[in-house]
file work_2.pdb (PDB, C-alpha atoms)
ATOM      1  CA  MET A   1       0.000   0.000   0.000
ATOM      2  CA  VAL A   2       1.212   3.475  -0.921
ATOM      3  CA  VAL A   3       0.414   6.379   1.405
ATOM      4  CA  LEU A   4       0.497   9.868  -0.142
ATOM      5  CA  VAL A   5       0.863  12.627   2.439
ATOM      6  CA  ALA A   6       0.148  16.373   2.275
ATOM      7  CA  LEU A   7       2.150  18.295   4.872
ATOM      8  CA  GLY A   8       1.216  21.932   5.483
ATOM      9  CA  LEU A   9       4.006  24.366   6.386
ATOM     10  CA  TRP A  10       3.497  27.873   7.712
ATOM     11  CA  THR A  11       5.815  30.454   6.141
ATOM     12  CA  ASP A  12       6.158  32.910   9.014
ATOM     13  CA  GLY A  13       9.340  31.367  10.368
ATOM     14  CA  SER A  14       7.545  29.706  13.288
ATOM     15  CA  GLY A  15       8.221  26.205  11.988
ATOM     16  CA  LYS A  16       4.557  25.296  12.402
ATOM     17  CA  ARG A  17       3.459  22.269  10.386
ATOM     18  CA  HIS A  18       0.477  19.956  10.185
ATOM     19  CA  ILE A  19      -0.385  16.818   8.211
ATOM     20  CA  LEU A  20      -3.412  18.083   6.309
ATOM     21  CA  ASP A  21      -4.532  14.872   4.633
ATOM     22  CA  TRP A  22      -3.354  11.604   3.146
ATOM     23  CA  GLU A  23      -4.452   9.108   0.523
ATOM     24  CA  GLY A  24      -3.987   5.334   0.535
ATOM     25  CA  ALA A  25      -3.446   3.877  -2.934
ATOM     26  CA  ASP A  26      -2.191   0.835  -4.800
ATOM     27  CA  GLN A  27       0.417   2.932  -6.574
ATOM     28  CA  GLU A  28       1.659   6.507  -6.870
ATOM     29  CA  ASP A  29      -0.082   7.732 -10.015
ATOM     30  CA  LYS A  30      -2.051  10.728 -11.275
ATOM     31  CA  GLY A  31      -5.400   9.296 -10.138
ATOM     32  CA  ALA A  32      -4.282   8.818  -6.537
ATOM     33  CA  TRP A  33      -2.652  12.232  -6.350
ATOM     34  CA  GLU A  34      -5.683  13.859  -7.949
ATOM     35  CA  ARG A  35      -8.006  12.440  -5.280
ATOM     36  CA  LEU A  36      -5.795  13.888  -2.563
ATOM     37  CA  VAL A  37      -5.261  17.264  -4.241
ATOM     38  CA  GLN A  38      -8.953  17.635  -5.079
ATOM     39  CA  ARG A  39      -9.880  16.924  -1.471
ATOM     40  CA  LEU A  40      -7.422  19.560  -0.252
ATOM     41  CA  TRP A  41      -8.944  22.104  -2.616
ATOM     42  CA  GLU A  42     -12.482  21.247  -1.459
ATOM     43  CA  ARG A  43     -11.397  21.682   2.158
ATOM     44  CA  GLY A  44     -10.184  25.215   1.455
ATOM     45  CA  VAL A  45      -6.500  24.852   0.617
ATOM     46  CA  LYS A  46      -6.640  27.478  -2.117
ATOM     47  CA  LEU A  47      -4.678  30.459  -3.377
ATOM     48  CA  GLU A  48      -7.386  32.848  -2.237
ATOM     49  CA  THR A  49      -7.258  31.484   1.322
ATOM     50  CA  GLY A  50      -3.498  31.741   1.784
ATOM     51  CA  LEU A  51      -1.885  28.909  -0.197
ATOM     52  CA  GLN A  52       1.405  30.255  -1.587
ATOM     53  CA  ALA A  53       3.085  27.245  -3.181
ATOM     54  CA  ILE A  54       3.300  23.485  -3.364
ATOM     55  CA  VAL A  55       6.754  22.020  -2.771
ATOM     56  CA  ARG A  56       7.168  18.666  -4.489
ATOM     57  CA  ASP A  57       9.582  16.157  -5.945
ATOM     58  CA  GLY A  58       9.663  15.258  -9.615
ATOM     59  CA  THR A  59       6.717  12.849  -9.548
ATOM     60  CA  GLU A  60       4.888  13.331 -12.835
ATOM     61  CA  GLY A  61       1.505  12.215 -11.472
ATOM     62  CA  LEU A  62       1.560  14.883  -8.763
ATOM     63  CA  GLU A  63       2.492  17.594 -11.237
ATOM     64  CA  GLN A  64      -0.392  16.596 -13.501
ATOM     65  CA  ALA A  65      -2.851  16.516 -10.591
ATOM     66  CA  LEU A  66      -1.789  19.983  -9.415
ATOM     67  CA  ASP A  67      -2.104  21.374 -12.945
ATOM     68  CA  PHE A  68      -5.587  19.894 -13.259
ATOM     69  CA  VAL A  69      -6.925  21.122  -9.898
ATOM     70  CA  TYR A  70      -5.106  24.450  -9.460
ATOM     71  CA  GLY A  71      -4.068  25.464 -12.969
ATOM     72  CA  SER A  72      -1.069  27.553 -13.939
ATOM     73  CA  ALA A  73      -1.511  30.178 -11.185
ATOM     74  CA  LEU A  74      -0.109  27.856  -8.520
ATOM     75  CA  VAL A  75       3.624  28.095  -7.788
ATOM     76  CA  GLN A  76       5.057  24.584  -7.932
ATOM     77  CA  GLN A  77       8.481  24.532  -6.314
ATOM     78  CA  ARG A  78      10.656  21.534  -7.175
ATOM     79  CA  CYS A  79      12.819  20.183  -4.376
ATOM     80  CA  ILE A  80      16.409  21.324  -4.910
ATOM     81  CA  PHE A  81      17.866  18.213  -3.289
ATOM     82  CA  HIS A  82      15.982  15.855  -5.615
ATOM     83  CA  THR A  83      17.233  17.885  -8.573
ATOM     84  CA  LEU A  84      20.826  17.840  -7.339
ATOM     85  CA  ARG A  85      20.550  14.078  -6.868
ATOM     86  CA  ASN A  86      19.382  13.759 -10.476
ATOM     87  CA  VAL A  87      22.369  15.843 -11.604
ATOM     88  CA  SER A  88      24.742  13.661  -9.590
ATOM     89  CA  GLY A  89      23.291  10.551 -11.224
ATOM     90  CA  LYS A  90      24.159  11.912 -14.672
ATOM     91  CA  CYS A  91      27.832  12.501 -13.882
ATOM     92  CA  VAL A  92      30.178  10.199 -15.808
ATOM     93  CA  GLY A  93      33.744   9.102 -15.180
ATOM     94  CA  SER A  94      35.623   7.879 -12.136
ATOM     95  CA  ASP A  95      37.155  11.185 -11.030
ATOM     96  CA  ARG A  96      35.577  11.640  -7.607
ATOM     97  CA  LYS A  97      37.213  15.012  -7.009
ATOM     98  CA  ALA A  98      35.739  16.398 -10.228
ATOM     99  CA  LYS A  99      32.290  15.081  -9.357
ATOM    100  CA  LYS A 100      32.532  16.564  -5.864
ATOM    101  CA  LEU A 101      33.525  19.934  -7.350
ATOM    102  CA  LEU A 102      30.632  19.829  -9.819
ATOM    103  CA  MET A 103      28.103  19.105  -7.073
ATOM    104  CA  GLU A 104      29.527  21.814  -4.810
ATOM    105  CA  GLN A 105      29.242  24.346  -7.629
ATOM    106  CA  ALA A 106      25.714  23.177  -8.488
ATOM    107  CA  ALA A 107      24.589  23.555  -4.866
ATOM    108  CA  ALA A 108      26.214  27.002  -4.672
ATOM    109  CA  LEU A 109      23.820  28.279  -7.342
ATOM    110  CA  TYR A 110      21.095  28.301  -4.698
ATOM    111  CA  HIS A 111      23.020  30.834  -2.625
ATOM    112  CA  ALA A 112      21.805  33.461  -5.067
ATOM    113  CA  THR A 113      19.484  36.145  -3.747
ATOM    114  CA  ARG A 114      17.317  36.660  -6.836
ATOM    115  CA  THR A 115      16.225  34.862 -10.003
ATOM    116  CA  SER A 116      18.475  36.732 -12.428
ATOM    117  CA  GLN A 117      21.541  36.039 -10.310
ATOM    118  CA  ALA A 118      20.743  32.321 -10.116
ATOM    119  CA  GLN A 119      20.246  32.175 -13.899
ATOM    120  CA  ALA A 120      23.559  33.903 -14.509
ATOM    121  CA  ARG A 121      25.305  31.417 -12.239
ATOM    122  CA  LEU A 122      23.692  28.546 -14.113
ATOM    123  CA  ALA A 123      24.999  29.895 -17.420
ATOM    124  CA  ALA A 124      28.547  30.052 -16.032
ATOM    125  CA  PHE A 125      28.181  26.564 -14.556
ATOM    126  CA  ALA A 126      26.965  25.147 -17.889
ATOM    127  CA  GLU A 127      29.799  26.767 -19.839
ATOM    128  CA  TYR A 128      32.408  25.302 -17.505
ATOM    129  CA  TRP A 129      31.031  21.758 -17.262
ATOM    130  CA  GLN A 130      29.461  21.215 -20.688
ATOM    131  CA  PRO A 131      32.640  19.799 -22.315
ATOM    132  CA  THR A 132      33.151  17.074 -19.682
ATOM    133  CA  GLN A 133      29.692  16.484 -18.148
ATOM    134  CA  PRO A 134      27.114  17.230 -20.857
ATOM    135  CA  GLN A 135      24.351  14.999 -19.474
ATOM    136  CA  ALA A 136      24.648  16.459 -15.991
ATOM    137  CA  VAL A 137      24.446  19.972 -17.452
ATOM    138  CA  VAL A 138      21.416  19.134 -19.605
ATOM    139  CA  THR A 139      19.608  17.625 -16.615
ATOM    140  CA  PHE A 140      20.347  20.648 -14.446
ATOM    141  CA  GLU A 141      19.276  23.133 -17.107
ATOM    142  CA  HIS A 142      16.063  21.195 -17.773
ATOM    143  CA  GLU A 143      14.950  21.208 -14.127
ATOM    144  CA  PHE A 144      16.552  24.412 -12.843
ATOM    145  CA  GLU A 145      13.748  26.908 -13.479
ATOM    146  CA  GLN A 146      11.345  24.796 -11.440
ATOM    147  CA  THR A 147      13.748  24.841  -8.475
ATOM    148  CA  ILE A 148      14.048  28.646  -8.208
ATOM    149  CA  ARG A 149      10.364  29.556  -8.163
ATOM    150  CA  TYR A 150      10.664  30.315  -4.462
ATOM    151  CA  PHE A 151      12.174  33.675  -5.463
ATOM    152  CA  SER A 152       8.679  34.778  -6.496
ATOM    153  CA  LEU A 153       7.318  34.221  -2.977
ATOM    154  CA  GLU A 154       7.335  37.244  -0.712
ATOM    155  CA  GLY A 155       7.390  37.467   3.067
ATOM    156  CA  ILE A 156       8.546  33.900   3.714
ATOM    157  CA  VAL A 157      11.624  32.099   4.966
ATOM    158  CA  ARG A 158      12.775  30.778   1.601
ATOM    159  CA  GLU A 159      15.033  28.072   3.001
ATOM    160  CA  GLY A 160      11.934  26.342   4.337
ATOM    161  CA  VAL A 161      10.231  25.995   0.951
ATOM    162  CA  ARG A 162      13.121  25.005  -1.305
ATOM    163  CA  SER A 163      12.992  21.310  -0.510
ATOM    164  CA  THR A 164      10.778  18.484   0.705
ATOM    165  CA  SER A 165      13.082  17.747   3.652
ATOM    166  CA  ARG A 166      10.406  18.183   6.352
ATOM    167  CA  TRP A 167       8.004  16.061   4.332
ATOM    168  CA  GLU A 168      10.697  13.372   3.981
ATOM    169  CA  ARG A 169      11.292  13.370   7.743
ATOM    170  CA  THR A 170       7.556  12.966   8.318
ATOM    171  CA  HIS A 171       7.488   9.993   5.960
ATOM    172  CA  ARG A 172      10.396   8.381   7.791
ATOM    173  CA  GLU A 173       8.545   8.751  11.083
ATOM    174  CA  LEU A 174       5.442   7.083   9.647
ATOM    175  CA  ARG A 175       7.421   4.272   8.003
ATOM    176  CA  ARG A 176       9.272   3.572  11.255
ATOM    177  CA  LYS A 177       5.984   2.870  13.009
ATOM    178  CA  PHE A 178       4.574   0.754  10.200
ATOM    179  CA  ARG A 179       7.660  -1.479  10.094
ATOM    180  CA  GLN A 180       7.015  -2.366  13.730
ATOM    181  CA  VAL A 181       3.609  -3.759  12.731
ATOM    182  CA  GLY A 182       4.876  -5.638   9.675
ATOM    183  CA  CYS A 183       1.557  -6.064   7.873
ATOM    184  CA  PHE A 184      -2.128  -5.197   8.085
ATOM    185  CA  SER A 185      -5.125  -7.474   7.645
ATOM    186  CA  SER A 186      -7.121  -4.969   5.574
ATOM    187  CA  PRO A 187      -6.892  -1.558   3.872
ATOM    188  CA  LYS A 188      -9.134  -0.178   6.616
ATOM    189  CA  GLY A 189      -6.675  -1.361   9.238
ATOM    190  CA  ALA A 190      -3.852   0.396   7.411
ATOM    191  CA  GLU A 191      -5.881   3.616   7.227
ATOM    192  CA  VAL A 192      -6.565   3.464  10.969
ATOM    193  CA  ALA A 193      -2.838   2.931  11.573
ATOM    194  CA  VAL A 194      -2.028   6.046   9.547
ATOM    195  CA  TYR A 195      -4.579   8.045  11.522
ATOM    196  CA  ILE A 196      -3.221   6.793  14.830
ATOM    197  CA  GLN A 197       0.277   7.923  13.816
ATOM    198  CA  VAL A 198      -0.762  11.249  12.287
ATOM    199  CA  THR A 199      -2.723  12.396  15.354
ATOM    200  CA  PRO A 200       0.187  12.413  17.857
ATOM    201  CA  LEU A 201       2.543  13.938  15.282
ATOM    202  CA  ASN A 202       0.163  16.844  14.714
ATOM    203  CA  ALA A 203      -0.340  17.173  18.466
ATOM    204  CA  GLN A 204       3.414  17.248  19.039
ATOM    205  CA  TRP A 205       3.941  19.968  16.431
ATOM    206  CA  ALA A 206       1.030  21.987  17.856
ATOM    207  CA  ARG A 207       2.445  21.545  21.389
ATOM    208  CA  THR A 208      -0.787  19.892  22.496
ATOM    209  CA  SER A 209      -0.574  17.578  25.494
ATOM    210  CA  TRP A 210      -0.707  13.839  24.899
ATOM    211  CA  TRP A 211      -3.777  13.608  27.134
ATOM    212  CA  GLU A 212      -5.680  16.003  24.859
ATOM    213  CA  ALA A 213      -4.468  14.245  21.722
ATOM    214  CA  SER A 214      -5.285  10.740  22.978
ATOM    215  CA  HIS A 215      -8.712  11.861  24.222
ATOM    216  CA  SER A 216      -9.499  13.364  20.813
ATOM    217  CA  LEU A 217      -8.234  10.237  19.080
ATOM    218  CA  ALA A 218     -10.360   7.946  21.246
ATOM    219  CA  LEU A 219     -13.491   9.999  20.568
ATOM    220  CA  SER A 220     -12.784   9.997  16.831
ATOM    221  CA  LEU A 221     -12.392   6.224  16.752
ATOM    222  CA  LEU A 222     -15.528   5.684  18.833
ATOM    223  CA  ASN A 223     -17.565   7.900  16.526
ATOM    224  CA  SER A 224     -16.210   6.383  13.309
ATOM    225  CA  ASN A 225     -18.105   3.800  11.283
ATOM    226  CA  PRO A 226     -17.249   0.189  12.212
TER
END
call {"tool": "encode", "arguments": {"input": "work_2.pdb", "output": "structure tokens"}}
result
Amino acid sequence: MVVLVALGLWTDGSGKRHILDWEGADQEDKGAWERLVQRLWERGVKLETGLQAIVRDGTEGLEQALDFVYGSALVQQRCIFHTLRNVSGKCVGSDRKAKKLLMEQAAALYHATRTSQAQARLAAFAEYWQPTQPQAVVTFEHEFEQTIRYFSLEGIVREGVRSTSRWERTHRELRRKFRQVGCFSSPKGAEVAVYIQVTPLNAQWARTSWWEASHSLALSLLNSNP
């Protein structure tokens, strides 16, 4: 079972976050992502109510779902670390020092303070590395514009929206719990397990006491359909 997770991040520097919703699916495809994204939109996660951007990896199904539900007005920020990993995978040759230098220079592009500066740095990077690492350069150029869209966002801590790192940490926390169980007897059981894990995480991030969180969880389970 695949679990798709939507993690909400507040952009005021407070570090506040909350798992907004999730979707259980057989596979990570456009249909599964569209169900989750559509539900978020129906619940009020919209541009007009404060949504500034969606930070994502390179999953094609998610991109298609976001385009379908939100259209071109939504800022879709690609994770810089996923892009840098893709660039690293395209490096050829056995010279580790050269590869390390290339990756250090690629990462340094994101130290720019504005779009035009980042683009100028990319041009210099491409000119230097094109003769020896053409595939790495092509990959970086192809994905780069999607990784610097955070420059268009005002009044936010940009470092917090350039990558999916907090989302990845949330996934690791959920997977750690599920591995302890091993398997589930039904999809419903898996969904309940997700809910049981999401509730204390949200309570922890909101600095809510465990007594309050567990009481709310117990009431929710009692009131749910059998």
call {"tool": "atom_distance", "arguments": {"input": "work_2.pdb", "atom1": "atom CA of A:Thr132", "atom2": "atom CA of A:Glu145"}}
result
22.6 Å
call {"tool": "residues_near_point", "arguments": {"input": "work_2.pdb", "point": "(8.6, 18.3, 1.5)", "cutoff": "9 Å", "atoms": "only C-alpha atoms", "output": "ChimeraX atom specification"}}
result
/A:6-7,54-57,79,161-170
call {"tool": "atom_distance", "arguments": {"input": "work_2.pdb", "atom1": "atom CA of A:Glu34", "atom2": "atom CA of A:Leu4"}}
result
10.7 Å
call {"tool": "atom_distance", "arguments": {"input": "work_2.pdb", "atom1": "atom CA of A:Gly8", "atom2": "atom CA of A:Glu60"}}
result
20.6 Å
call {"tool": "closest_residue", "arguments": {"input": "work_2.pdb", "among": "A:Ala136, A:Leu102, A:Ile148, A:Val92", "to": "A:Ala118", "atoms": "only C-alpha atoms"}}
result
A:Ile148
call {"tool": "resolve_selection", "arguments": {"input": "work_2.pdb", "expression": "the PyMOL selection byres ((chain A and resi 182-195) around 9)", "output": "NGL selection string"}}
result
:A and (1 or 3 or 22-24 or 174 or 177-181 or 196-199 or 217 or 221)
call {"tool": "closest_residue", "arguments": {"input": "work_2.pdb", "among": "A:Ala65, A:Ala124, A:Val2, A:Ala206", "to": "A:Ala25", "atoms": "only C-alpha atoms"}}
result
A:Val2
call {"tool": "resolve_selection", "arguments": {"input": "work_2.pdb", "expression": "the PyMOL selection byres ((chain A and resi 155) around 8)", "output": "list of chain:residue names"}}
result
A:Thr11, A:Asp12, A:Leu153, A:Glu154, A:Ile156, A:Val157
call {"tool": "closest_residue", "arguments": {"input": "work_2.pdb", "among": "A:Arg78, A:Ser14, A:Gln52, A:Tyr150", "to": "A:Arg114", "atoms": "all atoms listed in the file"}}
result
A:Tyr150
call {"tool": "residues_around", "arguments": {"input": "work_2.pdb", "residues": "A:Thr59", "least_positions_apart": "5", "cutoff": "10 Å", "atoms": "all atoms listed in the file", "output": "PyMOL selection string"}}
result
chain A and resi 28-30+33+64+78
call {"tool": "residues_around", "arguments": {"input": "work_2.pdb", "residues": "A:Leu9", "least_positions_apart": "3", "cutoff": "9 Å", "atoms": "all atoms listed in the file", "output": "list in words"}}
result
Gly15, Lys16, Arg17, His18, Ile19, Gly160, Val161 and Arg166 of chain A
call {"tool": "closest_atom_pairs", "arguments": {"input": "work_2.pdb", "of": "stretch 117-188 of chain A", "to": "stretch 81-91 of chain A", "cutoff": "7 Å", "atoms": "all atoms listed in the file", "output": "CSV"}}
result
residue,atom,partner,partner_atom,distance
A:Gln133,CA,A:Cys91,CA,6.1
A:Gln135,CA,A:Lys90,CA,5.7
A:Ala136,CA,A:Lys90,CA,4.8
A:Thr139,CA,A:Val87,CA,6.0
A:Phe140,CA,A:Val87,CA,5.9
A:Glu143,CA,A:Thr83,CA,6.9
A:Ser163,CA,A:Phe81,CA,6.4
call {"tool": "build_atoms", "arguments": {"input": "work_2.pdb", "residues": "stretch 40-63 of chain A", "atoms": "N, CA, C and O atoms", "output": "short mmCIF file (atom, residue, chain, number, x, y, z; two decimals), in the frame of the given file"}}
result
data_model
loop_
_atom_site.label_atom_id
_atom_site.label_comp_id
_atom_site.auth_asym_id
_atom_site.auth_seq_id
_atom_site.Cartn_x
_atom_site.Cartn_y
_atom_site.Cartn_z
N LEU A 40 -8.02 18.39 -0.89
CA LEU A 40 -7.42 19.56 -0.25
C LEU A 40 -8.09 20.84 -0.73
O LEU A 40 -8.39 21.74 0.05
N TRP A 41 -8.31 20.91 -2.04
CA TRP A 41 -8.94 22.10 -2.62
C TRP A 41 -10.36 22.29 -2.06
O TRP A 41 -10.75 23.40 -1.70
N GLU A 42 -11.11 21.18 -1.97
CA GLU A 42 -12.48 21.25 -1.46
C GLU A 42 -12.51 21.65 0.02
O GLU A 42 -13.48 22.25 0.48
N ARG A 43 -11.46 21.34 0.74
CA ARG A 43 -11.40 21.68 2.16
C ARG A 43 -10.90 23.11 2.39
O ARG A 43 -10.79 23.54 3.53
N GLY A 44 -10.55 23.81 1.32
CA GLY A 44 -10.18 25.22 1.46
C GLY A 44 -8.73 25.55 1.28
O GLY A 44 -8.32 26.69 1.53
N VAL A 45 -7.92 24.57 0.87
CA VAL A 45 -6.50 24.85 0.62
C VAL A 45 -6.40 25.46 -0.78
O VAL A 45 -6.20 24.77 -1.77
N LYS A 46 -6.56 26.78 -0.84
CA LYS A 46 -6.64 27.48 -2.12
C LYS A 46 -5.76 28.72 -2.09
O LYS A 46 -5.37 29.21 -1.02
N LEU A 47 -5.48 29.25 -3.27
CA LEU A 47 -4.68 30.46 -3.38
C LEU A 47 -5.35 31.63 -2.67
O LEU A 47 -4.70 32.42 -2.00
N GLU A 48 -6.67 31.72 -2.82
CA GLU A 48 -7.39 32.85 -2.24
C GLU A 48 -7.52 32.76 -0.72
O GLU A 48 -7.93 33.73 -0.07
N THR A 49 -7.18 31.62 -0.14
CA THR A 49 -7.26 31.48 1.32
C THR A 49 -5.87 31.39 1.96
O THR A 49 -5.76 31.03 3.14
N GLY A 50 -4.83 31.68 1.19
CA GLY A 50 -3.50 31.74 1.78
C GLY A 50 -2.47 30.77 1.23
O GLY A 50 -1.29 30.87 1.60
N LEU A 51 -2.86 29.83 0.38
CA LEU A 51 -1.88 28.91 -0.20
C LEU A 51 -0.91 29.69 -1.07
O LEU A 51 -1.32 30.42 -1.98
N GLN A 52 0.40 29.53 -0.82
CA GLN A 52 1.40 30.26 -1.59
C GLN A 52 2.11 29.38 -2.61
O GLN A 52 2.47 29.85 -3.69
N ALA A 53 2.34 28.13 -2.27
CA ALA A 53 3.08 27.24 -3.18
C ALA A 53 2.93 25.81 -2.73
O ALA A 53 2.58 25.52 -1.59
N ILE A 54 3.20 24.91 -3.66
CA ILE A 54 3.30 23.48 -3.36
C ILE A 54 4.74 23.08 -3.63
O ILE A 54 5.27 23.30 -4.73
N VAL A 55 5.39 22.51 -2.62
CA VAL A 55 6.75 22.02 -2.77
C VAL A 55 6.67 20.52 -3.04
O VAL A 55 6.03 19.79 -2.28
N ARG A 56 7.32 20.07 -4.09
CA ARG A 56 7.17 18.67 -4.49
C ARG A 56 8.47 18.12 -5.06
O ARG A 56 9.41 18.87 -5.36
N ASP A 57 8.48 16.79 -5.22
CA ASP A 57 9.58 16.16 -5.94
C ASP A 57 9.21 16.10 -7.42
O ASP A 57 8.28 16.78 -7.86
N GLY A 58 9.90 15.28 -8.18
CA GLY A 58 9.66 15.26 -9.62
C GLY A 58 8.60 14.29 -10.08
O GLY A 58 8.50 14.00 -11.28
N THR A 59 7.76 13.80 -9.17
CA THR A 59 6.72 12.85 -9.55
C THR A 59 5.78 13.45 -10.59
O THR A 59 5.13 14.47 -10.35
N GLU A 60 5.69 12.80 -11.74
CA GLU A 60 4.89 13.33 -12.84
C GLU A 60 3.40 13.33 -12.50
O GLU A 60 2.67 14.26 -12.86
N GLY A 61 2.92 12.30 -11.81
CA GLY A 61 1.50 12.22 -11.47
C GLY A 61 1.05 13.36 -10.59
O GLY A 61 -0.04 13.90 -10.77
N LEU A 62 1.90 13.76 -9.64
CA LEU A 62 1.56 14.88 -8.76
C LEU A 62 1.52 16.19 -9.55
O LEU A 62 0.62 17.01 -9.36
N GLU A 63 2.47 16.38 -10.42
CA GLU A 63 2.49 17.59 -11.24
C GLU A 63 1.22 17.70 -12.08
O GLU A 63 0.60 18.77 -12.17
#
